[in-house]
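Engineer: Have a peek at data.txt (compact mmCIF, C-alpha atoms).
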# COMPACT_ATOMS: atom_id res chain seq x y z
CA MET A 240 -5.36 36.05 26.47
CA MET A 241 -9.01 36.18 25.46
CA THR A 242 -8.24 34.52 22.08
CA TYR A 243 -6.25 31.73 23.77
CA THR A 244 -9.18 31.09 26.11
CA LEU A 245 -11.68 30.96 23.28
CA ILE A 246 -9.54 28.52 21.28
CA LEU A 247 -9.00 26.38 24.37
CA LEU A 248 -12.75 26.35 25.02
CA TYR A 249 -13.43 25.36 21.41
CA PHE A 250 -11.16 22.32 21.58
CA LEU A 251 -12.48 21.36 25.02
CA LEU A 252 -15.99 21.48 23.60
CA LEU A 253 -14.93 19.27 20.68
CA LEU A 254 -13.34 16.82 23.10
CA THR A 255 -16.42 16.73 25.32
CA ALA A 256 -18.64 16.09 22.29
CA LEU A 257 -16.48 13.09 21.37
CA PHE A 258 -17.13 11.42 24.71
CA PHE A 259 -20.89 11.85 24.68
CA LYS A 260 -23.29 10.36 22.20
CA THR A 261 -25.22 13.14 20.56
CA ARG A 262 -28.46 12.91 18.63
CA GLU A 263 -27.98 12.32 14.93
CA ILE A 264 -29.71 14.88 12.77
CA LYS A 265 -30.99 13.39 9.53
CA SER A 266 -32.06 15.31 6.48
CA PRO A 267 -31.52 14.68 2.77
CA TRP A 268 -30.11 18.19 2.34
CA LEU A 269 -27.68 17.69 5.21
CA PHE A 270 -26.58 14.42 3.63
CA TYR A 271 -25.73 16.21 0.38
CA LEU A 272 -24.11 19.13 2.16
CA ARG A 273 -22.29 17.10 4.82
CA ALA A 274 -18.98 18.49 3.52
CA PHE A 275 -19.91 21.69 5.36
CA PHE A 276 -20.10 19.77 8.65
CA PRO A 277 -17.30 17.20 8.41
CA ASN A 278 -16.92 14.79 11.34
CA TRP A 279 -13.21 14.06 10.62
CA LYS A 280 -13.43 10.50 11.92
CA PHE A 281 -11.08 8.50 9.75
CA PHE A 282 -10.26 4.81 10.23
CA HIS A 283 -11.44 5.06 13.79
CA ALA A 284 -13.11 1.72 14.55
CA ILE A 285 -12.69 -1.90 13.61
CA GLY A 286 -15.98 -3.67 12.97
CA TYR A 287 -17.95 -5.58 10.38
CA ALA A 288 -16.97 -4.30 6.95
CA PRO A 289 -19.38 -4.63 4.02
CA ARG A 290 -18.19 -6.54 0.96
CA LEU A 291 -20.02 -7.03 -2.31
CA TYR A 292 -19.87 -10.51 -3.82
CA VAL A 293 -20.98 -11.12 -7.39
CA GLN A 294 -21.83 -14.38 -9.15
CA VAL A 295 -22.06 -14.46 -12.93
CA GLN A 296 -23.95 -16.92 -15.13
CA ARG A 297 -22.17 -17.59 -18.40
CA ALA A 298 -24.00 -17.61 -21.73
CA ASP A 299 -24.02 -21.46 -21.60
CA GLY A 300 -25.98 -21.33 -18.32
CA ARG A 301 -23.16 -22.33 -15.95
CA TRP A 302 -22.78 -20.21 -12.80
CA LEU A 303 -19.23 -19.13 -11.98
CA ASP A 304 -17.90 -18.93 -8.41
CA TRP A 305 -18.80 -16.00 -6.19
CA GLN A 306 -16.19 -13.28 -6.46
CA VAL A 307 -15.60 -10.45 -4.06
CA LEU A 308 -15.65 -7.01 -5.56
CA TYR A 309 -12.94 -5.53 -3.39
CA PRO A 310 -10.26 -3.59 -5.22
CA ARG A 311 -6.66 -4.63 -4.87
CA VAL A 312 -4.45 -2.77 -7.33
CA LYS A 313 -0.75 -2.38 -8.04
CA ARG A 314 0.93 0.62 -6.44
CA SER A 315 2.92 3.28 -8.26
CA ILE A 316 4.60 6.37 -6.84
CA PHE A 317 3.18 8.43 -9.73
CA ASP A 318 -0.33 7.72 -8.46
CA VAL A 319 0.20 10.57 -6.04
CA PHE A 320 -0.34 12.92 -9.00
CA HIS A 321 -3.04 11.04 -10.86
CA ASN A 322 -4.99 8.17 -9.37
CA PRO A 323 -8.47 8.06 -10.98
CA ARG A 324 -8.83 4.27 -10.94
CA VAL A 325 -8.15 3.93 -7.23
CA ASN A 326 -10.33 6.91 -6.35
CA LEU A 327 -13.18 5.41 -8.34
CA HIS A 328 -12.72 2.06 -6.56
CA LEU A 329 -12.78 3.87 -3.22
CA ALA A 330 -15.95 5.75 -4.21
CA ASN A 331 -17.56 2.44 -5.19
CA GLN A 332 -16.57 0.87 -1.88
CA ASN A 333 -18.02 3.91 -0.13
CA LEU A 334 -21.23 3.36 -2.08
CA ILE A 335 -21.44 -0.20 -0.74
CA GLU A 336 -21.08 1.18 2.79
CA HIS A 337 -23.84 3.73 2.16
CA PHE A 338 -26.05 0.97 0.75
CA VAL A 339 -25.60 -1.00 3.98
CA GLY A 340 -26.47 2.17 5.91
CA ASP A 341 -29.65 2.54 3.83
CA LEU A 342 -30.55 -1.12 4.42
CA ASN A 343 -30.14 -0.66 8.16
CA GLN A 344 -32.51 2.29 8.07
CA LEU A 345 -35.10 0.52 5.97
CA GLN A 346 -38.37 -0.06 7.80
CA HIS A 347 -39.17 -3.70 8.61
CA GLY A 348 -40.57 -5.27 5.41
CA GLY A 349 -39.35 -2.34 3.30
CA ASP A 350 -38.36 -3.01 -0.29
CA ALA A 351 -34.60 -2.61 -0.76
CA SER A 352 -34.97 -2.55 -4.54
CA GLN A 353 -36.65 0.85 -4.25
CA LEU A 354 -33.44 2.40 -2.91
CA VAL A 355 -31.33 4.47 -5.26
CA THR A 356 -28.25 2.87 -3.72
CA TYR A 357 -29.70 -0.55 -4.70
CA SER A 358 -29.89 0.53 -8.36
CA LEU A 359 -26.33 1.82 -8.19
CA ILE A 360 -25.11 -1.43 -6.60
CA CYS A 361 -26.87 -3.38 -9.41
CA ARG A 362 -24.95 -1.28 -11.91
CA LEU A 363 -21.72 -1.86 -10.01
CA ALA A 364 -22.29 -5.64 -9.94
CA ARG A 365 -23.21 -5.62 -13.61
CA SER A 366 -20.10 -3.68 -14.62
CA PHE A 367 -18.04 -6.22 -12.67
CA ALA A 368 -19.84 -9.06 -14.45
CA LEU A 369 -19.15 -7.43 -17.83
CA GLU A 370 -15.46 -7.14 -17.01
CA SER A 371 -15.09 -10.69 -15.75
CA GLN A 372 -17.29 -12.59 -18.23
CA SER A 373 -18.54 -11.32 -21.52
CA PRO A 374 -21.03 -12.26 -22.83
CA PHE A 375 -22.99 -13.38 -19.78
CA LYS A 376 -26.58 -14.38 -19.22
CA SER A 377 -27.34 -13.07 -15.76
CA TYR A 378 -25.79 -12.19 -12.42
CA ARG A 379 -26.63 -11.86 -8.77
CA PHE A 380 -24.95 -10.27 -5.81
CA GLU A 381 -24.66 -10.61 -2.07
CA VAL A 382 -23.74 -8.07 0.54
CA ARG A 383 -21.73 -9.78 3.27
CA MET A 384 -20.55 -8.19 6.49
CA GLU A 385 -17.08 -9.44 7.34
CA MET A 386 -15.26 -9.05 10.64
CA PRO A 387 -11.52 -8.84 9.95
CA GLN A 388 -9.09 -11.00 11.83
CA LEU A 389 -5.74 -9.76 13.10
CA ASN A 390 -2.84 -11.07 10.98
CA HIS A 391 -5.16 -13.18 8.79
CA PRO A 392 -6.12 -10.65 6.12
CA LEU A 393 -7.77 -13.17 3.82
CA GLU A 394 -9.79 -15.05 6.45
CA PRO A 395 -12.46 -12.98 8.17
CA LYS A 396 -13.27 -13.92 11.77
CA ASP A 397 -17.00 -13.90 11.08
CA VAL A 398 -19.25 -13.40 8.04
CA GLN A 399 -22.91 -12.40 8.01
CA VAL A 400 -24.92 -12.30 4.79
CA MET A 401 -26.95 -9.12 4.81
CA LEU A 402 -28.71 -9.23 1.46
CA VAL A 403 -29.00 -11.62 -1.48
CA SER A 404 -30.26 -10.18 -4.72
CA PRO A 405 -32.53 -12.11 -7.07
CA GLU A 406 -31.10 -13.30 -10.37
CA LEU A 407 -30.69 -10.23 -12.57
CA LYS A 408 -30.81 -10.64 -16.32
CA ASN A 409 -28.18 -9.02 -18.49
CA GLU A 410 -30.36 -6.56 -20.34
CA MET B 1327 -2.08 33.65 0.63
CA ARG B 1328 -0.13 33.15 -2.57
CA LEU B 1329 1.24 29.80 -1.41
CA LEU B 1330 -2.21 28.72 -0.28
CA SER B 1331 -3.70 29.54 -3.70
CA LEU B 1332 -0.86 27.69 -5.41
CA TRP B 1333 -1.36 24.47 -3.40
CA LEU B 1334 -5.13 24.64 -3.69
CA GLY B 1335 -4.84 25.20 -7.44
CA ILE B 1336 -2.59 22.13 -7.81
CA SER B 1337 -4.97 20.08 -5.66
CA LEU B 1338 -8.01 21.12 -7.73
CA LEU B 1339 -6.19 20.47 -11.02
CA ILE B 1340 -5.33 16.94 -9.87
CA GLN B 1341 -8.93 16.32 -8.81
CA THR B 1342 -10.34 17.70 -12.06
CA PHE B 1343 -8.03 15.64 -14.30
CA GLU B 1344 -9.20 12.58 -12.38
CA PHE B 1345 -12.85 13.52 -12.93
CA PHE B 1346 -12.14 13.66 -16.67
CA ARG B 1347 -10.67 10.16 -16.57
CA ILE B 1348 -13.67 8.62 -14.81
CA GLN B 1349 -16.19 10.20 -17.20
CA LYS B 1350 -17.18 6.86 -18.75
CA ASN B 1351 -18.27 5.61 -15.32
CA MET B 1352 -20.71 8.50 -15.10
CA ILE B 1353 -22.62 7.85 -18.33
CA GLY B 1354 -24.39 5.00 -20.16
CA GLU B 1355 -23.67 1.67 -18.48
CA GLY B 1356 -21.52 3.27 -15.76
CA VAL B 1357 -22.33 3.17 -12.05
CA TRP B 1358 -22.54 6.91 -11.31
CA VAL B 1359 -25.14 7.96 -13.88
CA TRP B 1360 -27.09 11.10 -13.12
CA SER B 1361 -30.42 9.58 -14.24
CA GLU B 1362 -30.24 7.28 -11.17
CA LEU B 1363 -28.60 9.70 -8.75
CA ARG B 1364 -31.06 12.51 -9.40
CA LYS B 1365 -33.95 10.44 -7.96
CA GLU B 1366 -32.44 10.84 -4.52
CA VAL B 1367 -31.93 14.62 -4.57
CA PRO B 1368 -34.71 16.41 -2.67
CA GLN B 1369 -37.19 17.69 -5.25
CA ASN B 1370 -38.57 20.62 -3.28
CA MET B 1371 -36.53 23.27 -5.11
CA PRO B 1372 -37.53 22.86 -8.78
CA VAL B 1373 -35.24 25.59 -10.12
CA PHE B 1374 -32.25 24.10 -8.36
CA ASN B 1375 -33.18 20.61 -9.56
CA GLN B 1376 -33.47 21.87 -13.13
CA PHE B 1377 -30.09 23.53 -12.78
CA LEU B 1378 -28.54 20.24 -11.58
CA ASP B 1379 -30.16 18.35 -14.48
CA PHE B 1380 -28.71 20.91 -16.86
CA ILE B 1381 -25.20 21.02 -15.47
CA PHE B 1382 -24.89 17.24 -15.23
CA GLN B 1383 -25.76 16.59 -18.85
CA GLU B 1384 -22.77 14.97 -20.48
CA LYS B 1385 -21.68 17.98 -22.53
CA ALA B 1386 -22.39 20.54 -19.83
CA HIS B 1387 -20.42 18.45 -17.34
CA VAL B 1388 -17.40 18.40 -19.66
CA ILE B 1389 -17.63 22.18 -20.10
CA HIS B 1390 -17.93 22.56 -16.33
CA LEU B 1391 -14.80 20.45 -15.81
CA CYS B 1392 -12.93 22.48 -18.47
CA ALA B 1393 -13.92 25.70 -16.69
CA ARG B 1394 -12.77 24.18 -13.43
CA LEU B 1395 -9.41 23.30 -14.99
CA LEU B 1396 -9.07 26.86 -16.16
CA GLY B 1397 -10.03 28.08 -12.68
CA GLY B 1398 -7.37 25.84 -11.14
CA LEU B 1399 -4.77 27.18 -13.56
CA CYS B 1400 -5.73 30.80 -12.77
CA LEU B 1401 -5.42 30.03 -9.06
CA VAL B 1402 -1.93 28.63 -9.61
CA ALA B 1403 -0.78 31.42 -11.93
CA LEU B 1404 -2.53 34.52 -10.60
CA GLY B 1405 -3.78 33.77 -7.09
CA SER B 1406 -7.33 34.17 -5.83
CA ASN B 1407 -9.91 36.82 -6.57
CA MET B 1408 -13.60 37.18 -5.77
CA GLU B 1409 -15.04 35.89 -9.08
CA LEU B 1410 -12.71 32.92 -9.20
CA MET B 1411 -13.44 31.85 -5.63
CA VAL B 1412 -17.20 32.18 -6.10
CA PHE B 1413 -16.94 29.98 -9.21
CA LEU B 1414 -14.73 27.36 -7.53
CA PHE B 1415 -17.00 27.29 -4.47
CA LEU B 1416 -20.14 26.71 -6.56
CA SER B 1417 -18.37 24.22 -8.80
CA HIS B 1418 -17.20 22.23 -5.76
CA VAL B 1419 -20.71 22.19 -4.26
CA CYS B 1420 -22.13 20.99 -7.60
CA LEU B 1421 -19.63 18.14 -7.71
CA LEU B 1422 -20.65 17.17 -4.18
CA PHE B 1423 -24.24 16.81 -5.42
CA ARG B 1424 -23.03 14.79 -8.40
CA PHE B 1425 -21.53 12.16 -6.07
CA ARG B 1426 -24.13 11.97 -3.27
CA GLY B 1427 -22.35 14.51 -1.07
CA ALA B 1428 -18.75 13.40 -1.55
CA PHE B 1429 -16.60 11.60 -4.09
CA ASN B 1430 -13.51 11.08 -1.97
CA GLY B 1431 -14.73 11.90 1.56
CA GLY B 1432 -12.24 13.86 3.65
CA SER B 1433 -10.34 15.35 0.73
CA ASP B 1434 -13.56 16.83 -0.67
CA PHE B 1435 -14.36 18.21 2.77
CA LEU B 1436 -10.98 19.83 3.31
CA SER B 1437 -10.86 21.18 -0.24
CA LEU B 1438 -14.20 22.84 0.48
CA VAL B 1439 -12.77 24.27 3.71
CA VAL B 1440 -9.80 25.81 1.88
CA ILE B 1441 -11.98 27.14 -0.95
CA THR B 1442 -14.42 28.60 1.62
CA GLY B 1443 -11.51 30.15 3.55
CA LEU B 1444 -10.28 31.91 0.42
CA LEU B 1445 -13.84 32.98 -0.38
CA ILE B 1446 -14.26 34.39 3.14
CA ALA B 1447 -11.03 36.34 2.64
CA GLN B 1448 -12.31 37.82 -0.62
CA VAL B 1449 -15.76 38.68 0.75
CA CYS B 1450 -14.33 40.26 3.92
CA ASN B 1451 -11.83 42.25 1.85
CA PHE B 1452 -14.73 43.69 -0.06
CA PHE B 1453 -16.15 45.26 3.09
CA SER B 1454 -13.12 45.88 5.29
CA PRO B 1455 -9.34 46.44 5.25
CA VAL B 1456 -7.45 43.83 3.22
CA THR B 1457 -5.54 42.18 6.08
CA LEU B 1458 -8.66 41.53 8.16
CA GLY B 1459 -10.25 39.46 5.37
CA TYR B 1460 -7.11 37.40 4.87
CA LYS B 1461 -6.83 36.79 8.60
CA ALA B 1462 -10.45 35.64 8.81
CA GLY B 1463 -9.99 33.21 5.89
CA LEU B 1464 -6.72 31.83 7.17
CA TRP B 1465 -8.08 31.31 10.69
CA TYR B 1466 -11.15 29.56 9.26
CA ILE B 1467 -8.89 27.12 7.39
CA SER B 1468 -6.56 26.66 10.37
CA LEU B 1469 -9.29 25.87 12.87
CA HIS B 1470 -10.88 23.32 10.56
CA THR B 1471 -7.55 21.68 9.74
CA ILE B 1472 -6.46 21.49 13.37
CA SER B 1473 -9.90 20.13 14.28
CA SER B 1474 -9.48 17.42 11.64
CA TYR B 1475 -6.28 16.16 13.28
CA PHE B 1476 -7.57 16.70 16.81
CA ILE B 1477 -10.82 14.75 16.31
CA SER B 1478 -9.16 12.04 14.26
CA GLY B 1479 -6.57 11.53 17.03
CA TRP B 1480 -8.97 11.51 19.96
CA VAL B 1481 -11.54 9.16 18.38
CA LYS B 1482 -8.69 6.68 17.97
CA LEU B 1483 -7.40 7.22 21.51
CA LYS B 1484 -10.84 6.19 22.77
CA ARG B 1485 -10.64 2.79 21.06
CA ARG B 1486 -8.91 -0.19 22.68
CA GLU B 1487 -8.00 -1.68 19.28
CA TRP B 1488 -6.04 1.48 18.45
CA ARG B 1489 -4.36 1.64 21.84
CA ASP B 1490 -3.12 -1.96 21.55
CA GLY B 1491 -1.94 -1.48 17.93
CA SER B 1492 -4.25 -4.09 16.36
CA ALA B 1493 -6.41 -1.55 14.48
CA LEU B 1494 -3.36 -0.22 12.60
CA VAL B 1495 -2.49 -3.71 11.30
CA MET B 1496 -6.11 -4.51 10.37
CA PHE B 1497 -6.60 -1.24 8.50
CA LEU B 1498 -3.30 -1.68 6.66
CA ASP B 1499 -4.37 -5.23 5.73
CA GLY B 1500 -7.53 -3.78 4.19
CA GLY B 1501 -5.63 -1.22 2.08
CA ILE B 1502 -6.30 -0.98 -1.63
CA TYR B 1503 -2.77 -2.05 -2.52
CA GLY B 1504 -3.27 -5.39 -0.81
CA PRO B 1505 -2.62 -6.71 2.67
CA LEU B 1506 0.71 -6.22 4.42
CA SER B 1507 3.22 -8.99 3.82
CA LEU B 1508 3.24 -11.63 6.54
CA LYS B 1509 6.77 -10.54 7.44
CA SER B 1510 5.92 -6.82 7.64
CA TYR B 1511 7.41 -4.98 10.62
CA PHE B 1512 3.97 -3.50 11.31
CA ARG B 1513 2.85 -6.97 12.41
CA LEU B 1514 5.29 -6.84 15.33
CA LYS B 1515 3.23 -5.74 18.30
CA PRO B 1516 5.75 -3.23 19.79
CA ILE B 1517 6.10 -1.49 16.42
CA ALA B 1518 2.33 -1.44 15.83
CA VAL B 1519 1.76 0.00 19.32
CA LEU B 1520 4.51 2.59 18.91
CA CYS B 1521 3.24 3.73 15.49
CA SER B 1522 -0.38 3.85 16.67
CA TRP B 1523 0.44 5.90 19.75
CA GLY B 1524 2.79 8.10 17.75
CA PHE B 1525 0.04 9.01 15.29
CA MET B 1526 -2.70 9.33 17.92
CA VAL B 1527 -0.68 11.63 20.18
CA TRP B 1528 0.62 13.65 17.23
CA GLU B 1529 -2.92 14.12 15.89
CA GLY B 1530 -4.62 14.61 19.24
CA PHE B 1531 -2.23 17.38 20.31
CA ALA B 1532 -2.49 19.32 17.05
CA PRO B 1533 -3.80 22.52 18.74
CA PHE B 1534 -0.37 23.01 20.34
CA LEU B 1535 1.08 23.84 16.93
CA LEU B 1536 -0.54 27.24 17.31
CA LEU B 1537 1.98 28.14 20.02
CA SER B 1538 4.85 28.87 17.64
CA SER B 1539 5.48 29.06 13.92
CA ASP B 1540 8.57 26.82 14.26
CA MET B 1541 6.40 24.19 15.86
CA ALA B 1542 3.83 24.60 13.09
CA VAL B 1543 6.50 24.13 10.38
CA LEU B 1544 7.70 20.94 12.06
CA TYR B 1545 4.11 19.76 12.49
CA CYS B 1546 3.37 20.35 8.81
CA GLU B 1547 6.53 18.49 7.73
CA ILE B 1548 5.46 15.47 9.77
CA ALA B 1549 1.92 15.88 8.44
CA ALA B 1550 3.17 15.81 4.83
CA LEU B 1551 5.00 12.56 5.57
CA PHE B 1552 1.91 11.18 7.33
CA HIS B 1553 -0.38 12.00 4.39
CA PHE B 1554 2.14 10.54 1.97
CA LEU B 1555 2.07 7.29 3.96
CA VAL B 1556 -1.73 7.36 3.89
CA PHE B 1557 -1.48 7.66 0.11
CA TRP B 1558 1.15 4.90 -0.03
CA PHE B 1559 -0.96 2.39 1.89
CA PHE B 1560 -4.52 3.44 1.05
CA GLY B 1561 -4.18 5.20 -2.31
CA LEU B 1562 -5.61 8.45 -0.97
CA ASN B 1563 -3.59 10.83 -3.14
CA ARG B 1564 -6.23 13.57 -2.93
CA PHE B 1565 -5.87 13.69 0.86
CA PHE B 1566 -2.18 14.46 0.47
CA TRP B 1567 -2.77 17.49 -1.76
CA ALA B 1568 -5.87 18.73 0.05
CA TRP B 1569 -4.13 18.81 3.42
CA CYS B 1570 -0.90 20.26 1.99
CA ALA B 1571 -3.04 23.12 0.65
CA SER B 1572 -4.03 24.01 4.21
CA PHE B 1573 -0.48 24.11 5.64
CA PRO B 1574 0.31 27.74 4.67
CA ALA B 1575 -2.70 28.81 6.74
CA LEU B 1576 -1.48 26.80 9.77
CA ILE B 1577 2.01 28.28 9.52
CA TYR B 1578 0.59 31.79 9.17
CA CYS B 1579 -1.70 31.51 12.19
CA ALA B 1580 0.79 29.78 14.49
CA GLY B 1581 2.48 32.15 16.91
CA ARG B 1582 0.20 35.02 15.95
CA LEU B 1583 -2.32 34.69 18.72
CA PRO B 1584 -2.75 38.03 20.49
CA LEU B 1585 -1.99 37.74 24.20
Using the file provided, produce a representation of the structure as structure tokens.
Structural biologist:
Amino acid sequence: MMTYTLILLYFLLLLTALFFKTREIKSPWLFYLRAFFPNWKFFHAIGYAPRLYVQVQRADGRWLDWQVLYPRVKRSIFDVFHNPRVNLHLANQNLIEHFVGDLNQLQHGGDASQLVTYSLICRLARSFALESQSPFKSYRFEVRMEMPQLNHPLEPKDVQVMLVSPELKNE
Amino acid sequence: MRLLSLWLGISLLIQTFEFFRIQKNMIGEGVWVWSELRKEVPQNMPVFNQFLDFIFQEKAHVIHLCARLLGGLCLVALGSNMELMVFLFLSHVCLLFRFRGAFNGGSDFLSLVVITGLLIAQVCNFFSPVTLGYKAGLWYISLHTISSYFISGWVKLKRREWRDGSALVMFLDGGIYGPLSLKSYFRLKPIAVLCSWGFMVWEGFAPFLLLSSDMAVLYCEIAALFHFLVFWFFGLNRFFWAWCASFPALIYCAGRLPL
């Protein structure tokens, strides 16, 4: 009976914690070791979702249209055994979300280009530019926050531009 | 324990093969290069930092992945032992550092839980009777796995957009394999509401599976289907294998609570 009670108490405690906002503990080590303290909150809230848009300047100087870097790939049942491309896309999308998190935490007037996530996003935008237009002269990117709209998957309800990068040379 | 090692081994082999395939994105012009990522790692433990710099060199990383493949194969073929679990635990933690704490979120977390559970079993066995160690490891895995469903279910139950079914449609529209077709049944409100409530209640009441092993088997069968659907719509194949690896622990612990 004692074990049942302890297990019941554990889940009641978890439930209580979900209904109260608790203080967020921040530490670089905790960030790296967060797998030891998983929060298990998957797909829980609808809100503004970050999207990375990239614009590429061709070698002749003409700028191409902005393109969203949001993976949409073809499905295969065999992907259940081996799905590196999709997992990489998901990791990249996760990186964009972390970049937005870092931007939100940046002190007023702070320099976003000093963030490691900024450098990684530059690399991500550049690799996209390389894939879509080679050779190219330069590129730039925007982080837009898009609020999805029910039953209109391609038309967000609202869009806010969060960051516009300067023109970045292809070096 | 044997079944648990087998599933975990398969899961780790799948993850490691995928790491091999994304190697070119981790070097040179790739996004995930260590020369950038290392700037963010706290620098207050020089020996540890030097170790990370060493292990994430291109060649060392390939050797590490080969050793991890071998470890996964040993787990599948021979089951777990102390040395193997210590290696897989450290290897997993290293890979977490390589990708800023997680490469694939929840699947990395649950894989770590299962690896830690098996490590706990081995360490406890070293100091106490064999069965006690296994029990401790299996209960560690079970509590974490049940918590994962429980929390995931209740955080959704709190949200209006999940209760009215709209969140399900919006998340499915954002899936990696493209938005739902305009004629999809999930767009019908009664179906979206039914599916949402079905998943939320099923997840939120996960602790009840501990009441009987029959209930746990049924729960795990539904869970396998659920994780397959998550893979089908969102491409999260690693989640499927990571959670399947925890099911033997759930089935073992269910119905074994002392009164």
Engineer: I want to know what sits within 12 Å of Arg1426 in chain B, based on all atoms listed in the file, with residues of the same chain fewer than 2 positions away left out; could you give that as number ranges by chain?
Structural biologist: A: 267-274, 330-331, 333-334, 337-338, 355-356, 359; B: 1358-1360, 1362-1368, 1419-1424, 1428-1431, 1434
Engineer: Show which residues sit within 9 Å of Leu407 in chain A, as a PyMOL selection string. Count all atoms listed in the file, and ignore same-chain residues fewer than 6 positions away.
Structural biologist: chain A and resi 361+365+376-380
Engineer: To one decimal in Å, tell me the separation between CA of Gly1397 in chain B and CA of Phe1382 in chain B.
Structural biologist: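 If I compute the distance from CA of Gly1397 in chain B to CA of Phe1382 in chain B, I get 18.6 Å.
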Engineer: Suppose you want the space between CA of Ala368 in chain A and CA of Val295 in chain A; what is it in Å?
Structural biologist: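 One can read the CA of Ala368 in chain A to CA of Val295 in chain A distance as 6.0 Å.
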Engineer: Which is closer to Tyr1460 in chain B than all the others in B:Met1371, B:Met1327, B:Val1402, B:Leu1414, using all atoms listed in the file?
Structural biologist: B:Met1327
Engineer: Please identify all polymer residues within 7 Å of Glu385 in chain A, counting all atoms listed in the file, omitting same-chain residues fewer than 2 positions from it, and present them as a VMD selection string.
Structural biologist: chain A and resid 287 to 289 383 387 395 397 to 399
Engineer: Nearest to Pro374 in chain A: which of A:Lys408, A:Arg290, A:Lys265, A:Lys396 is it, counting all atoms listed in the file?
Structural biologist: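 Result for the nearest residue to Pro374 in chain A: A:Lys408.
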Engineer: Restricting the calculation to all atoms listed in the file: of B:Gln1349, B:Thr1457, B:Gly1581, B:Leu1329, which residue gets closest to His1387 in chain B?
Structural biologist: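 That would be B:Gln1349, the residue with the smallest distance to His1387 in chain B.
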Engineer: How many Å separate CA of Val307 in chain A from CA of Val293 in chain A?
Structural biologist: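 A separation of 6.4 Å between them.
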Engineer: The centre and edge lengths of an axis-aligned box containing all atoms of range 1397-1410 of chain B present in the file, extended by 4 Å on each side, are to be given in Å to one decimal, as JSON.
Structural biologist:
{"center_x": -7.9, "center_y": 31.5, "center_z": -9.7, "size_x": 22.3, "size_y": 19.3, "size_z": 15.8}
Engineer: With all atoms listed in the file as the atoms that count, which of A:Gln306, A:Thr261, A:Ser266, A:Gln332 lies nearest to Glu381 in chain A?
Structural biologist: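 Closest candidate: A:Gln306.
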